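What follows is a single structure, written as structure tokens, with notes after it.
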Amino acid sequence: MAHFLVTGGAGFIGSHLCDALLESGHRVTVLDDLSTGRRRNIAHLSEQPRFRFVEGSILDGELVERLVAEVDGVYHLAAVVGVKHVLDDPLRGMLVNLNGTERVLEAALARGCRVLIASSSEVFGKSVAVPFDEEDDTVLGPTRVPRWSYALAKLLDEHLALAYHRQRGLLTVVVRYFNAYGPRLDPRGYGSVVAHFLGQALTGQPLTVYGDGRQTRAFTFVGDTVRGTMAAMETEAAVGKVFNIGNGQAWTIEALAELIRRLVPQAGPIRHIPFERVYGPDFEETRHRAPATERAERLLGFRAEVPLEEGLRRTIPWFKEHLDELI
Ligand code: UDP
């Protein structure tokens with residue numbers, strides 16, 4: 001049994017990670033400021049003696065240091081995430097994502113414990129070389145376009161993690177998540193297309209496909225995301241490396257909308273909306289995104305297993321239960 005700190009543990013992926021760590025017999029401390037995380041995501045764990053929740057910010061260096069001093073490893077998931085959140089407040093996105101990660105890495109260095117940094121497939125930016133290998137170039141647009149500040153902050157987080165490893169000997173590992181979805185995906189839909197579509201479908205509204213709908217994403221069921229994350233933390237050979245954690249199967253957004261319409265009979269029709277109307281004029285899209293999965297398979301023994309249709313079937317009941325928040 002080990003004791004882990006999960007920053008962002010009240011969030012979507014973080015709360016599922018807590019469930020899995022506790023199921024594996026570990027102790028878990030969560031640090032979350034509840035900005036996008038929700039108390040409800042971890043409410044079912046409150047009676048669990050091996051679980052502790054601390055409300056606070058990763059920017060609070062003293063608190064981070066105190067919590068990290070008690071654990072054997074840190075899963076650092078706390079971040080400002082989602083294209084929409086970042087577009088709403090790019091400055092906060094950059095400052096939290098950079099300064100928070102620096103504080104976590106410094107605290108882990110003082111403690112001498114392993115730390116996993118959650119990055120994002122957003123770092124591949126506008127690259128068209130799908131599927132994306134971990135060693136591929138990242139292709140980001142000009143600084144005029146605020147969207148890319150998120151990818152840049154995450155890339156700098158990755159550089160920090162790798163430099164702390166090379167220069168200070170800290171045991172770091174980086175995972176890049178590809179469009180995770182599942183129960184507890186924020187139904188207020190701050191960007192995630194799956195949450196958006198499920199909310200729209202279950203309330204009988206049209207499904208809003210942005211652009212021509214032929215852009216692609218590799219939707220990854222959160223159970224797979226969590227398994228890959230734990231494998232990265234637990235594998236010796238993962239230290240100092242970056243891993244794609246995602247389902248290798250890419251879908252067009254139009255096909256996702258059609259699938260959801262098939263699974264949710266009351267869904268409205270598909271409605272196409274131009275990108276500019278949603279994101280404003282200074283927006284550049286990521287056209288295609290899918291992970292190369294060989295490195296994670298070879299070094300972590302991890303492969304995403306849940307096909308999209310099955311994952312959606314497991315997700316829809318949770319969205320039905322939380323319909324009141326969708327309307
Ligand atoms: N999208 C859409 N309709 C929506 C929300 C998103 O067509 O209601 C599109 C979005 O423009 C993007 C894709 O779905 O091309 C995935 O968007 P999301 O915000 O989930 O994540 P991203 O992969 O872009 O970070």
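Ordered as shown in the structure tokens, chains take letters A, B, and onward, while each chain numbers its residues from 1 and ligands are numbered from 1 in the order shown.
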Residues of segment 184-290 of chain A within 10 Å of segment 161-170 of chain A: nearest atom pair and distance (Å, one decimal) for each, counting only C-alpha atoms, sorted by chain and number, as a Markdown table?
```
| residue | atom | partner | partner_atom | distance |
| --- | --- | --- | --- | --- |
| A:Val239 | CA | A:His165 | CA | 8.2 |
| A:Gly240 | CA | A:Leu162 | CA | 5.9 |
| A:Lys241 | CA | A:Leu162 | CA | 7.5 |
| A:Val242 | CA | A:Leu162 | CA | 8.8 |
```
Which polymer residues have any atom within 6 Å of an atom of Asp32 of chain A, counting only C-alpha atoms, with same-chain residues fewer than 4 positions away left out, as a list of chain:residue names?
A:Thr7, A:Gly8, A:Glu55, A:Gly56
Determine which residues of segment 43-184 of chain A receive a DSSP assignment of strand (DSSP E or B), computed from the backbone, and state them as a VMD selection string.
chain A and resid 51 to 55 73 to 76 114 to 120 125 132 139 172 to 177 180 to 181
Give the residue list for ligand 1 at 7 Å, counting only C-alpha atoms and all ligand atoms, as a list of chain:residue names, sorted by chain and then by residue number.
A:Gly82, A:Val83, A:Glu122, A:Asn179, A:Gly191, A:Ser192, A:Val193, A:Val194, A:His196, A:Phe197, A:Leu207, A:Thr208, A:Val209, A:Tyr210, A:Gly211, A:Gly213, A:Gln215, A:Arg217, A:Ile253, A:Phe275, A:Glu285, A:Thr286, A:Arg287
Tell me, as an MDAnalysis selection string, which residues lie within 8 Å of Phe124 of chain A, counting only C-alpha atoms; anything in the same chain fewer than 5 positions away does not count.
chainID A and resid 132 137:140 151
